[in-house]
Amino acid sequence: MTSESKRDQKNDTPETGDESLDFIRTIVSADLEAGKNEGRIQTRFPPEPNGYLHIGHAKAILISYGIAQQFGGKFNLRFDDTNPEKEEVEYVDSIMRDMRWLGAEWEDRLFHASDYFGTLYEWAQHLIREGKAYVCSLDGEQMREYRGTVKEPGRPSPDRERPAEESLELLEGMRTGEFPEGAYTLRAKIDMAHANMLMRDPLLYRIRKAHHHRTGDAWNIYPMYDYAHGQSDAIEGITHSLCSLEFEVHRPLYEWFIENLPVPYKPRQIEFARLNLTYTVMSKRKLLQLVEEDRVGGWDDPRMPTICGLRRLGYTSESIRRFCDRIGVAKRDSTVDLDLLKWSLREELNRTADRVMAVLRPLKVVITNYPEGQVEDIECVNNPEDESAGTRMVPFSGELWIEQDDFREEAPRKFFRLKPGAEVRLKHAYFIKCDEVIKDDAGNVIELRCSYDPETRGGNSPDGRKVKGTLQWVSTRHAVEAEVRLYDNLFREPFPEEGGHFLENLNPNSLEVLTGCKLEPGLAEAGDGFRCQFMRHGYFCTDSVDNKPGALVFNRTVTLKDRWAKIEAKK
RNA sequence: UGGGGCGUCGUCAAGUGGCAAGACACAUGGUUUUGGUCCAUGCAUUCGCAGGUUCGAAUCCUGCCGCCCCAGCCA
C-alpha cells in the first residue's frame, strides 16, 4: 500500500475514535458511550418499492449500513409499502438485487411496513380511546381549507370531538370496506394552529380499495407514511433512523407518535442532505419520465444514474462505496461534481483493469518491408500497475489497424503521433515510419504505407533514438470485430433542472455506437462481466444485455484523462 | 416571509475560542513503451455580510442577507 492510499483510507474511513467523525457518527458514538439503547445500534433502509434505486439511494444505504457495520450494530431492509397504488414487485426485486450488489447486507432482517398493519391498527384504536385520534368526514378539498396556510392557523374539523366509541366503529367500517374511498379518514388530534403544518391533525389512515402486493385484499385502509414509518422503526428496535433533510419537519410528528403509543423502543430520527450530482437528475419522477418517454433504453440504460444503469455502464460497487465515503455526510444542500464519481472509478480500474489493444475507428497500415506472410507473437504487459497481472501474446503482422485519430497528414507542432515522414512506436512491437499516404477518389485517407525497423522489436531502438508517440494496433488478419458504445453524460448542462425544462438539456451525443471496431484476438471470448482498459481510450466492459459470443458489444464505462484533447481544445 | 434547516476554495468537506486539513477540479514542471498512471509545485491573509465580546473569533453574542424544506387522502 502506498502512503497515498494509506492517507486516503485514514481520511475516508473514519474509525470509532481519534479520527474525525461526521455529525451522525458523532451522535451515534456519543449515544453508545452514554449507554443508550442497551448499547445496541440498529439502522435501516426503508425504500418505497415504486422505482429503481439510484446513486442517491446508494449514499443513504451506505450511510445506514456503514454505521451499523462500524459500530457493531445491525442493519434492516424494510419496504415502506403503504401505498398499494404505486408499488410493484418488480421494484422490490430490483431493490434487493441492487442492495446486495452494493454490499449492504440485511441478513435475515427483511421487513415490510405491511408486516405491521395489524399492530398499527391496534395502536390507532388506542389513540382513539385516549382521545388522541378521530374519524373525520371532510373530503380532500375541505381538508385543505380547514388546514389553513403556512401563515394562518387551521380550523378544527367538525368531527374533531366525535366520541371515541363512534370513531372506533367508523374505523372498523373503514377497515372492512363499508365505505367508499374518500368517505372518511382517521386523523390524530394534535393542534390545528400548530406552526408546523404536519402537526395540524395529520392523517393516519385513508380508505384505499386497492390490491396490495403482499396483503392482498385484506385491507381497505392503508396507513400514511408518518403513521407507519416511525412505528415500524420502533417495532424493529431501530436506534437511529437516518433519512434525508426533507423529513426534518416530520420529526416532531415522528416523536409525537413515539410518545403517545405503547411502542417497545424509542428510535431517534436524524436527517442528512441527500446526494445531488452534476450532469444528471435524481428525482424518481424525472427518471421515470426518461424511461416512459423512451429518452433512454430503460431503468438500466448505462446513462441513467440508477444503480443498475451504473452497473451496466461498468461501474464497480467498490468505486461507488469509495465515492460515498469521500463525499461525506452533512446537512447542507450540495451537488457533487460528477468528476469525483468518475475519478473514484478510474482510481480503482487503473489498479485492477488489464490493458488491451482496441482500434475503434480503424485505418489500415501496410508495412512494406515486413516479410510477406510473417506473423510474430508480441509479448504485451497486461497491467503496468500490477506486475502479477502478467503478460499475454498478441499477433503482429505486416498489415495492421491503427486509430484514424493517430494519423494526421498535416499535423500541428505538438502532434506526437503518426504523420508523413515521422516515426512512432507500435506498443510493445516496432518503430514504424510513414512513407506514403493512400487516398480514395474523394481524397479520404484510406491506407498508410509504412516501413518498420526490425532492430526495434519490443519497442526500443538499439541506437537510442527516441519517438514521442506510442500507438495501439491490431493485426488485420487476427482482429476480432465488435460493436462499441461510447457513452457520455446524459445532460449537457451541469444543472439540467436550472433554467427551462430538464429535457431540453439532454445531451444529444450521450451515446455514439461504433460498429466494426477491431480488437486484439484475445477478446473474442469476452463474456459477462468482462472489464478492461482499451489502451489510450478508456475503461470498457462487455454489455450485460447485448454482448454474445461472436457478437461482441462493449460499453465505454469512463474515458481516460486526455491531456492531448485539452491541448487541442485550447486552440 | 408562520415554522423548520443550511451558509468554510470552482465542487465536496474537516474544523466547535489559539491563528484555515484533505479530496476532486484547475494550472505549471518532471518521469513515462498508454498525451494514462506516478512525482513535484501552485491554488481560501480568509470562513454569507455588518457590528460586538476577547490578548486572540470560521468558532461566542446581536442584527442583516441568501438558499433549501413544509399547505398530497405520496413517501
# chains A, B, ... in the order shown; residues from 1 in each chain; ligands from 1
>>> interface_residues(of="chain A", to="chain B", cutoff="8 Å", atoms="only C-alpha atoms (C1' of nucleotides)", output="short mmCIF file (atom, residue, chain, number, x, y, z; two decimals) with C-alpha atoms, in the first residue's frame")
data_model
loop_
_atom_site.label_atom_id
_atom_site.label_comp_id
_atom_site.auth_asym_id
_atom_site.auth_seq_id
_atom_site.Cartn_x
_atom_site.Cartn_y
_atom_site.Cartn_z
CA ASN A 11 -9.46 10.18 5.94
CA SER A 20 -12.97 12.94 12.85
CA GLU A 48 -40.78 2.52 -1.16
CA ASN A 83 -49.34 2.82 -0.86
CA GLY A 140 -59.92 16.43 0.24
CA ARG A 144 -57.23 21.67 2.63
CA ARG A 147 -55.85 23.13 7.41
CA GLY A 148 -55.10 26.83 6.93
CA THR A 149 -51.92 28.04 5.33
CA VAL A 150 -48.34 28.44 6.43
CA LYS A 151 -49.24 31.85 7.74
CA GLU A 152 -52.76 31.28 9.01
CA GLY A 182 -62.55 9.22 0.41
CA THR A 185 -60.05 9.37 7.20
CA ALA A 195 -46.86 26.43 13.07
CA ASN A 196 -45.74 23.09 11.63
CA MET A 197 -48.36 22.15 9.07
CA LEU A 198 -47.73 18.47 9.69
CA LEU A 203 -53.98 11.76 8.56
CA TYR A 205 -55.39 6.23 7.55
CA ARG A 206 -57.18 6.66 4.26
CA ILE A 207 -59.57 4.29 2.53
CA TYR A 225 -46.14 7.42 5.79
CA LEU A 245 -33.39 16.57 5.04
CA GLU A 246 -36.89 16.95 3.68
CA GLU A 248 -36.79 17.22 9.14
CA VAL A 249 -40.20 18.88 9.50
CA ARG A 326 -15.39 10.56 0.01
CA ILE A 327 -18.42 12.84 -0.30
CA GLY A 328 -19.08 12.68 3.41
CA LYS A 331 -26.66 18.80 6.42
CA ARG A 332 -26.00 21.39 3.77
CA ASP A 333 -27.56 21.03 0.35
CA SER A 334 -24.88 20.18 -2.12
CA THR A 335 -24.23 18.98 -5.63
CA VAL A 336 -21.21 16.79 -6.06
CA ASP A 337 -19.10 17.11 -9.18
CA ASP A 339 -15.87 14.06 -11.96
CA LEU A 340 -15.47 12.83 -8.42
CA TRP A 343 -12.35 9.62 -10.56
CA ASN A 350 -6.21 1.87 -13.05
CA GLU A 385 0.34 -1.05 -12.29
CA ARG A 425 6.27 3.20 -31.77
CA LYS A 427 3.14 -0.53 -28.43
CA HIS A 428 5.38 -3.42 -27.42
CA GLY A 459 9.78 -1.03 -28.75
CA ASN A 460 13.33 0.14 -28.11
CA THR A 470 3.22 5.15 -28.93
CA MET A 535 -5.42 1.36 -24.15
CA ARG A 536 -5.47 5.12 -24.67
CA LEU A 560 -9.05 8.08 -19.65
CA LYS A 561 -7.90 11.59 -18.83
CA ASP A 562 -6.87 13.12 -22.11
CA ARG A 563 -4.31 15.91 -21.96
CA TRP A 564 -3.96 15.99 -25.72
#
>>> residues_around(residues="stretch 543-546 of chain A", least_positions_apart="3", cutoff="7 Å", atoms="only C-alpha atoms (C1' of nucleotides)", output="list in words")
Arg312, Asp528, Gly529, Val553, Phe554 and Asn555 of chain A
>>> write_last_selection(atoms="all heavy atoms", output="PDB file, in the first residue's frame")
ATOM      1  N   ARG A 312     -24.421  -1.516 -15.375  1.00  0.00           N
ATOM      2  CA  ARG A 312     -24.337  -1.913 -16.776  1.00  0.00           C
ATOM      3  C   ARG A 312     -23.300  -1.074 -17.530  1.00  0.00           C
ATOM      4  O   ARG A 312     -22.657  -1.549 -18.468  1.00  0.00           O
ATOM      5  CB  ARG A 312     -25.716  -1.757 -17.438  1.00  0.00           C
ATOM      6  CG  ARG A 312     -25.754  -2.294 -18.847  1.00  0.00           C
ATOM      7  CD  ARG A 312     -27.174  -2.380 -19.377  1.00  0.00           C
ATOM      8  NE  ARG A 312     -27.179  -2.656 -20.800  1.00  0.00           N
ATOM      9  CZ  ARG A 312     -28.236  -2.546 -21.592  1.00  0.00           C
ATOM     10  NH1 ARG A 312     -29.395  -2.179 -21.074  1.00  0.00           N
ATOM     11  NH2 ARG A 312     -28.148  -2.812 -22.876  1.00  0.00           N
ATOM     12  N   ASP A 528     -19.658 -12.326 -19.903  1.00  0.00           N
ATOM     13  CA  ASP A 528     -20.312 -11.486 -18.904  1.00  0.00           C
ATOM     14  C   ASP A 528     -19.341 -10.936 -17.878  1.00  0.00           C
ATOM     15  O   ASP A 528     -18.488 -11.661 -17.369  1.00  0.00           O
ATOM     16  CB  ASP A 528     -21.371 -12.312 -18.153  1.00  0.00           C
ATOM     17  CG  ASP A 528     -22.678 -12.306 -18.916  1.00  0.00           C
ATOM     18  OD1 ASP A 528     -22.706 -11.733 -20.026  1.00  0.00           O
ATOM     19  OD2 ASP A 528     -23.657 -12.878 -18.398  1.00  0.00           O
ATOM     20  N   GLY A 529     -19.493  -9.677 -17.579  1.00  0.00           N
ATOM     21  CA  GLY A 529     -18.711  -9.068 -16.509  1.00  0.00           C
ATOM     22  C   GLY A 529     -17.264  -8.808 -16.858  1.00  0.00           C
ATOM     23  O   GLY A 529     -16.470  -8.462 -15.991  1.00  0.00           O
ATOM     24  N   VAL A 553     -20.205  -6.855 -27.785  1.00  0.00           N
ATOM     25  CA  VAL A 553     -20.684  -5.497 -27.574  1.00  0.00           C
ATOM     26  C   VAL A 553     -20.037  -4.957 -26.304  1.00  0.00           C
ATOM     27  O   VAL A 553     -20.188  -5.537 -25.222  1.00  0.00           O
ATOM     28  CB  VAL A 553     -22.217  -5.445 -27.418  1.00  0.00           C
ATOM     29  CG1 VAL A 553     -22.677  -4.008 -27.166  1.00  0.00           C
ATOM     30  CG2 VAL A 553     -22.909  -6.009 -28.648  1.00  0.00           C
ATOM     31  N   PHE A 554     -19.296  -3.870 -26.470  1.00  0.00           N
ATOM     32  CA  PHE A 554     -18.626  -3.248 -25.324  1.00  0.00           C
ATOM     33  C   PHE A 554     -19.208  -1.878 -25.020  1.00  0.00           C
ATOM     34  O   PHE A 554     -19.623  -1.155 -25.924  1.00  0.00           O
ATOM     35  CB  PHE A 554     -17.128  -3.079 -25.619  1.00  0.00           C
ATOM     36  CG  PHE A 554     -16.338  -4.342 -25.461  1.00  0.00           C
ATOM     37  CD1 PHE A 554     -16.258  -5.268 -26.494  1.00  0.00           C
ATOM     38  CD2 PHE A 554     -15.671  -4.609 -24.266  1.00  0.00           C
ATOM     39  CE1 PHE A 554     -15.525  -6.440 -26.348  1.00  0.00           C
ATOM     40  CE2 PHE A 554     -14.930  -5.778 -24.109  1.00  0.00           C
ATOM     41  CZ  PHE A 554     -14.860  -6.695 -25.145  1.00  0.00           C
ATOM     42  N   ASN A 555     -19.236  -1.548 -23.724  1.00  0.00           N
ATOM     43  CA  ASN A 555     -19.641  -0.211 -23.298  1.00  0.00           C
ATOM     44  C   ASN A 555     -18.431   0.544 -22.780  1.00  0.00           C
ATOM     45  O   ASN A 555     -17.616  -0.023 -22.045  1.00  0.00           O
ATOM     46  CB  ASN A 555     -20.643  -0.298 -22.130  1.00  0.00           C
ATOM     47  CG  ASN A 555     -21.935  -0.954 -22.541  1.00  0.00           C
ATOM     48  OD1 ASN A 555     -22.321  -0.907 -23.710  1.00  0.00           O
ATOM     49  ND2 ASN A 555     -22.601  -1.584 -21.581  1.00  0.00           N
TER      50      ASN A 555
END
>>> atom_distance(atom1="atom CA of A:Lys439", atom2="atom CA of A:Val359")
19.9 Å
>>> residues_around(residues="A:Asn260", least_positions_apart="3", cutoff="10 Å", atoms="only C-alpha atoms (C1' of nucleotides)", output="VMD selection string")
chain A and resid 123 126 to 127 130 132 255 to 257 263
>>> write_last_selection(atoms="N, CA, C and O atoms", output="tab-separated table (two decimals), in the first residue's frame")
chain	number	residue	atom	x	y	z
A	123	TRP	N	-52.94	0.17	17.43
A	123	TRP	CA	-52.44	1.43	18.01
A	123	TRP	C	-53.33	2.61	17.62
A	123	TRP	O	-53.46	3.57	18.38
A	126	HIS	N	-56.03	2.53	19.97
A	126	HIS	CA	-55.52	3.03	21.24
A	126	HIS	C	-55.58	4.56	21.28
A	126	HIS	O	-56.05	5.16	22.25
A	127	LEU	N	-55.13	5.18	20.18
A	127	LEU	CA	-55.15	6.65	20.12
A	127	LEU	C	-56.58	7.19	20.22
A	127	LEU	O	-56.83	8.18	20.90
A	130	GLU	N	-57.77	7.03	23.71
A	130	GLU	CA	-57.09	8.05	24.52
A	130	GLU	C	-57.56	9.46	24.18
A	130	GLU	O	-57.05	10.43	24.71
A	132	LYS	N	-57.02	10.87	21.29
A	132	LYS	CA	-55.96	11.50	20.50
A	132	LYS	C	-56.09	11.23	19.00
A	132	LYS	O	-55.16	11.53	18.25
A	255	GLU	N	-41.91	12.02	16.61
A	255	GLU	CA	-41.74	11.91	18.05
A	255	GLU	C	-43.08	11.89	18.80
A	255	GLU	O	-43.21	11.24	19.83
A	256	TRP	N	-44.05	12.58	18.25
A	256	TRP	CA	-45.38	12.59	18.89
A	256	TRP	C	-45.96	11.18	18.95
A	256	TRP	O	-46.47	10.74	19.97
A	257	PHE	N	-45.84	10.46	17.84
A	257	PHE	CA	-46.35	9.08	17.82
A	257	PHE	C	-45.58	8.20	18.80
A	257	PHE	O	-46.17	7.42	19.54
A	263	VAL	N	-45.07	1.93	22.32
A	263	VAL	CA	-44.05	1.30	21.49
A	263	VAL	C	-42.97	0.63	22.32
A	263	VAL	O	-42.67	1.09	23.43
>>> residues_around(residues="stretch 105-115 of chain A", least_positions_apart="5", cutoff="6 Å", atoms="only C-alpha atoms (C1' of nucleotides)", output="ChimeraX atom specification")
/A:75-81
>>> write_last_selection(atoms="N, CA and C atoms", output="mmCIF file, in the first residue's frame")
data_model
loop_
_atom_site.group_PDB
_atom_site.id
_atom_site.type_symbol
_atom_site.label_atom_id
_atom_site.label_comp_id
_atom_site.auth_asym_id
_atom_site.auth_seq_id
_atom_site.Cartn_x
_atom_site.Cartn_y
_atom_site.Cartn_z
ATOM 1 N N PHE A 75 -28.366 -3.930 10.597
ATOM 2 C CA PHE A 75 -28.955 -3.125 9.526
ATOM 3 C C PHE A 75 -30.148 -3.867 8.955
ATOM 4 N N ASN A 76 -31.301 -3.204 8.912
ATOM 5 C CA ASN A 76 -32.515 -3.833 8.378
ATOM 6 C C ASN A 76 -32.866 -3.268 7.000
ATOM 7 N N LEU A 77 -33.492 -4.110 6.212
ATOM 8 C CA LEU A 77 -34.123 -3.624 4.990
ATOM 9 C C LEU A 77 -35.621 -3.697 5.233
ATOM 10 N N ARG A 78 -36.274 -2.569 5.044
ATOM 11 C CA ARG A 78 -37.721 -2.579 5.230
ATOM 12 C C ARG A 78 -38.407 -1.854 4.074
ATOM 13 N N PHE A 79 -39.276 -2.555 3.403
ATOM 14 C CA PHE A 79 -40.023 -1.917 2.334
ATOM 15 C C PHE A 79 -41.168 -1.114 2.931
ATOM 16 N N ASP A 80 -41.209 0.134 2.569
ATOM 17 C CA ASP A 80 -42.245 1.031 3.057
ATOM 18 C C ASP A 80 -43.432 0.928 2.101
ATOM 19 N N ASP A 81 -44.135 -0.192 2.214
ATOM 20 C CA ASP A 81 -45.180 -0.490 1.227
ATOM 21 C C ASP A 81 -46.568 -0.128 1.723
#
>>> closest_residue(among="A:Arg321, A:Arg485, A:Lys518, A:Lys364", to="A:Leu448", atoms="only C-alpha atoms")
A:Lys364
>>> residues_around(residues="A:Tyr265", least_positions_apart="3", cutoff="12 Å", atoms="only C-alpha atoms (C1' of nucleotides)", output="list in words")
Lys36, Asn37, Glu38, Arg40, Gln42, Gly230, Gln231, Ser232, Asp233, Ala234, Ile235, Glu236, Gly237, Ile238, Thr239, His240, Glu255, Phe257, Ile258, Glu259, Leu261, Pro262 and Arg268 of chain A
>>> write_last_selection(atoms="N, CA and C atoms", output="short mmCIF file (atom, residue, chain, number, x, y, z; two decimals), in the first residue's frame")
data_model
loop_
_atom_site.label_atom_id
_atom_site.label_comp_id
_atom_site.auth_asym_id
_atom_site.auth_seq_id
_atom_site.Cartn_x
_atom_site.Cartn_y
_atom_site.Cartn_z
N LYS A 36 -26.97 4.44 25.92
CA LYS A 36 -28.35 4.43 25.44
C LYS A 36 -28.66 3.14 24.67
N ASN A 37 -29.94 2.82 24.59
CA ASN A 37 -30.41 1.65 23.82
C ASN A 37 -29.70 0.35 24.20
N GLU A 38 -29.41 0.21 25.46
CA GLU A 38 -28.72 -1.00 25.96
C GLU A 38 -27.47 -1.30 25.14
N ARG A 40 -27.12 -1.03 22.02
CA ARG A 40 -27.40 -1.51 20.67
C ARG A 40 -27.31 -0.39 19.65
N GLN A 42 -28.86 0.00 15.73
CA GLN A 42 -29.60 -0.63 14.65
C GLN A 42 -30.12 0.44 13.71
N GLY A 230 -42.34 5.72 11.57
CA GLY A 230 -41.71 5.74 12.88
C GLY A 230 -42.08 4.54 13.72
N GLN A 231 -43.34 4.10 13.58
CA GLN A 231 -43.78 2.95 14.36
C GLN A 231 -43.08 1.68 13.90
N SER A 232 -42.84 1.60 12.59
CA SER A 232 -42.11 0.45 12.08
C SER A 232 -40.69 0.45 12.67
N ASP A 233 -40.09 1.63 12.70
CA ASP A 233 -38.77 1.76 13.32
C ASP A 233 -38.82 1.25 14.76
N ALA A 234 -39.84 1.70 15.48
CA ALA A 234 -39.96 1.35 16.89
C ALA A 234 -40.15 -0.15 17.07
N ILE A 235 -40.97 -0.75 16.24
CA ILE A 235 -41.23 -2.18 16.34
C ILE A 235 -39.95 -2.98 16.10
N GLU A 236 -39.14 -2.52 15.13
CA GLU A 236 -37.93 -3.25 14.79
C GLU A 236 -36.75 -2.95 15.73
N GLY A 237 -36.96 -2.01 16.63
CA GLY A 237 -35.87 -1.68 17.54
C GLY A 237 -34.77 -0.86 16.90
N ILE A 238 -35.15 -0.10 15.89
CA ILE A 238 -34.18 0.80 15.26
C ILE A 238 -33.75 1.84 16.30
N THR A 239 -32.46 2.08 16.39
CA THR A 239 -31.99 3.08 17.36
C THR A 239 -31.80 4.43 16.70
N HIS A 240 -31.30 4.41 15.47
CA HIS A 240 -31.05 5.66 14.75
C HIS A 240 -31.68 5.55 13.37
N GLU A 255 -41.91 12.02 16.61
CA GLU A 255 -41.74 11.91 18.05
C GLU A 255 -43.08 11.89 18.80
N PHE A 257 -45.84 10.46 17.84
CA PHE A 257 -46.35 9.08 17.82
C PHE A 257 -45.58 8.20 18.80
N ILE A 258 -44.27 8.36 18.79
CA ILE A 258 -43.46 7.55 19.70
C ILE A 258 -43.85 7.80 21.16
N GLU A 259 -44.16 9.05 21.48
CA GLU A 259 -44.52 9.40 22.85
C GLU A 259 -45.94 8.97 23.21
N LEU A 261 -47.77 6.38 21.87
CA LEU A 261 -48.13 5.00 21.58
C LEU A 261 -47.30 4.05 22.46
N PRO A 262 -47.85 2.89 22.77
CA PRO A 262 -47.11 1.95 23.63
C PRO A 262 -46.03 1.20 22.85
N ARG A 268 -34.59 7.28 17.23
CA ARG A 268 -34.32 8.71 17.06
C ARG A 268 -34.06 8.99 15.59
#
>>> atom_distance(atom1="atom CA of A:Lys466", atom2="atom CA of A:Thr559")
27.6 Å
>>> select_by_dssp(residues="stretch 216-324 of chain A", states="helix (DSSP H, G or I)", output="count of residues only")
52
>>> residues_around(residues="A:Asp159", least_positions_apart="4", cutoff="12 Å", atoms="only C-alpha atoms (C1' of nucleotides)", output="ChimeraX atom specification")
/A:133-138,143,146,155,163-164,166-167,170,184-189,201
>>> write_last_selection(atoms="N, CA and C atoms", output="CSV table (one decimal), in the first residue's frame")
chain,number,residue,atom,x,y,z
A,133,ALA,N,-57.2,10.7,18.6
A,133,ALA,CA,-57.5,10.5,17.2
A,133,ALA,C,-59.0,10.4,17.0
A,134,TYR,N,-59.4,10.7,15.7
A,134,TYR,CA,-60.8,10.7,15.4
A,134,TYR,C,-61.0,10.5,14.0
A,135,VAL,N,-62.2,9.9,13.6
A,135,VAL,CA,-62.5,9.7,12.3
A,135,VAL,C,-63.1,11.0,11.7
A,136,CYS,N,-62.6,11.4,10.6
A,136,CYS,CA,-63.0,12.7,10.0
A,136,CYS,C,-63.7,12.5,8.7
A,137,SER,N,-64.8,13.2,8.4
A,137,SER,CA,-65.5,13.0,7.2
A,137,SER,C,-65.3,14.1,6.2
A,138,LEU,N,-64.4,15.0,6.5
A,138,LEU,CA,-64.0,16.1,5.5
A,138,LEU,C,-63.5,15.4,4.2
A,143,MET,N,-60.6,19.5,3.6
A,143,MET,CA,-59.5,19.2,4.4
A,143,MET,C,-58.4,20.3,4.2
A,146,TYR,N,-59.6,23.6,5.8
A,146,TYR,CA,-59.6,23.6,7.2
A,146,TYR,C,-58.2,23.7,7.8
A,155,ARG,N,-58.6,25.4,11.1
A,155,ARG,CA,-59.8,25.3,12.0
A,155,ARG,C,-60.0,23.9,12.3
A,163,PRO,N,-67.2,11.3,19.5
A,163,PRO,CA,-67.0,10.3,20.7
A,163,PRO,C,-66.1,9.1,20.2
A,164,ALA,N,-65.3,8.7,21.1
A,164,ALA,CA,-64.4,7.6,20.8
A,164,ALA,C,-65.1,6.3,20.3
A,166,GLU,N,-67.8,6.1,18.7
A,166,GLU,CA,-68.3,6.3,17.3
A,166,GLU,C,-67.1,6.2,16.3
A,167,SER,N,-66.0,6.8,16.7
A,167,SER,CA,-64.8,6.7,15.8
A,167,SER,C,-64.3,5.3,15.7
A,170,LEU,N,-66.6,3.6,13.2
A,170,LEU,CA,-66.4,4.0,11.9
A,170,LEU,C,-65.1,3.5,11.3
A,184,TYR,N,-64.1,8.7,4.6
A,184,TYR,CA,-63.6,9.0,5.9
A,184,TYR,C,-62.0,8.9,5.9
A,185,THR,N,-61.5,9.6,6.9
A,185,THR,CA,-60.1,9.4,7.2
A,185,THR,C,-59.9,9.3,8.7
A,186,LEU,N,-58.8,8.7,9.2
A,186,LEU,CA,-58.5,8.8,10.6
A,186,LEU,C,-57.5,9.8,10.8
A,187,ARG,N,-57.7,10.7,11.7
A,187,ARG,CA,-56.7,11.8,12.0
A,187,ARG,C,-56.3,11.8,13.4
A,188,ALA,N,-55.0,12.2,13.6
A,188,ALA,CA,-54.6,12.4,15.0
A,188,ALA,C,-55.1,13.8,15.5
A,189,LYS,N,-55.4,13.9,16.7
A,189,LYS,CA,-55.9,15.1,17.3
A,189,LYS,C,-54.7,15.8,17.9
A,201,ASP,N,-53.5,18.1,12.9
A,201,ASP,CA,-54.3,16.9,12.8
A,201,ASP,C,-54.0,16.0,11.6
>>> residues_around(residues="A:Glu410", least_positions_apart="5", cutoff="12 Å", atoms="only C-alpha atoms (C1' of nucleotides)", output="JSON, numbers by chain")
{"A": [415, 417, 418, 419, 420, 421, 422, 437, 445]}
>>> write_last_selection(atoms="N, CA and C atoms", output="mmCIF file, in the first residue's frame")
data_model
loop_
_atom_site.group_PDB
_atom_site.id
_atom_site.type_symbol
_atom_site.label_atom_id
_atom_site.label_comp_id
_atom_site.auth_asym_id
_atom_site.auth_seq_id
_atom_site.Cartn_x
_atom_site.Cartn_y
_atom_site.Cartn_z
ATOM 1 N N PHE A 415 1.913 17.512 -32.170
ATOM 2 C CA PHE A 415 1.287 16.224 -32.502
ATOM 3 C C PHE A 415 2.356 15.138 -32.531
ATOM 4 N N ARG A 417 1.930 11.888 -32.838
ATOM 5 C CA ARG A 417 1.546 10.629 -33.445
ATOM 6 C C ARG A 417 2.077 10.525 -34.871
ATOM 7 N N LEU A 418 1.429 9.683 -35.652
ATOM 8 C CA LEU A 418 1.962 9.423 -36.987
ATOM 9 C C LEU A 418 1.609 10.538 -37.979
ATOM 10 N N LYS A 419 2.614 10.933 -38.757
ATOM 11 C CA LYS A 419 2.394 11.876 -39.846
ATOM 12 C C LYS A 419 3.424 11.537 -40.927
ATOM 13 N N PRO A 420 3.237 12.012 -42.128
ATOM 14 C CA PRO A 420 4.157 11.650 -43.206
ATOM 15 C C PRO A 420 5.613 11.917 -42.808
ATOM 16 N N GLY A 421 6.427 10.889 -42.959
ATOM 17 C CA GLY A 421 7.840 11.041 -42.666
ATOM 18 C C GLY A 421 8.219 10.859 -41.212
ATOM 19 N N ALA A 422 7.205 10.772 -40.340
ATOM 20 C CA ALA A 422 7.506 10.684 -38.907
ATOM 21 C C ALA A 422 7.530 9.231 -38.430
ATOM 22 N N VAL A 437 0.939 8.039 -48.211
ATOM 23 C CA VAL A 437 -0.467 8.145 -47.827
ATOM 24 C C VAL A 437 -1.318 7.793 -49.044
ATOM 25 N N VAL A 445 -8.132 9.630 -46.624
ATOM 26 C CA VAL A 445 -7.000 8.741 -46.379
ATOM 27 C C VAL A 445 -7.546 7.346 -46.106
#
>>> atom_distance(atom1="atom CA of A:Gly298", atom2="atom CA of A:Leu349")
26.2 Å
>>> closest_residue(among="A:Pro158, A:Pro84, A:Gly56, A:Gly131", to="A:His212", atoms="only C-alpha atoms")
A:Pro84
>>> decode(residues="stretch 30-42 of chain B", atoms="C-alpha atoms (C1' of nucleotides)", output="PDB file, in the first residue's frame")
ATOM      1  C1'   G B  30       9.277  16.288 -14.263  1.00  0.00           C
ATOM      2  C1'   U B  31       9.036  10.873 -15.279  1.00  0.00           C
ATOM      3  C1'   U B  32       6.782   7.504 -18.729  1.00  0.00           C
ATOM      4  C1'   U B  33       6.750   1.945 -24.464  1.00  0.00           C
ATOM      5  C1'   U B  34      -0.907   4.468 -22.680  1.00  0.00           C
ATOM      6  C1'   G B  35      -0.521  12.688 -24.347  1.00  0.00           C
ATOM      7  C1'   G B  36      -2.906   7.075 -18.885  1.00  0.00           C
ATOM      8  C1'   U B  37      -0.530   6.288 -14.141  1.00  0.00           C
ATOM      9  C1'   C B  38       3.097   8.435 -10.968  1.00  0.00           C
ATOM     10  C1'   C B  39       6.010  12.619  -8.769  1.00  0.00           C
ATOM     11  C1'   A B  40       6.743  17.914  -7.572  1.00  0.00           C
ATOM     12  C1'   U B  41       4.793  22.770  -7.143  1.00  0.00           C
ATOM     13  C1'   G B  42       0.816  26.372  -7.066  1.00  0.00           C
TER      14        G B  42
END
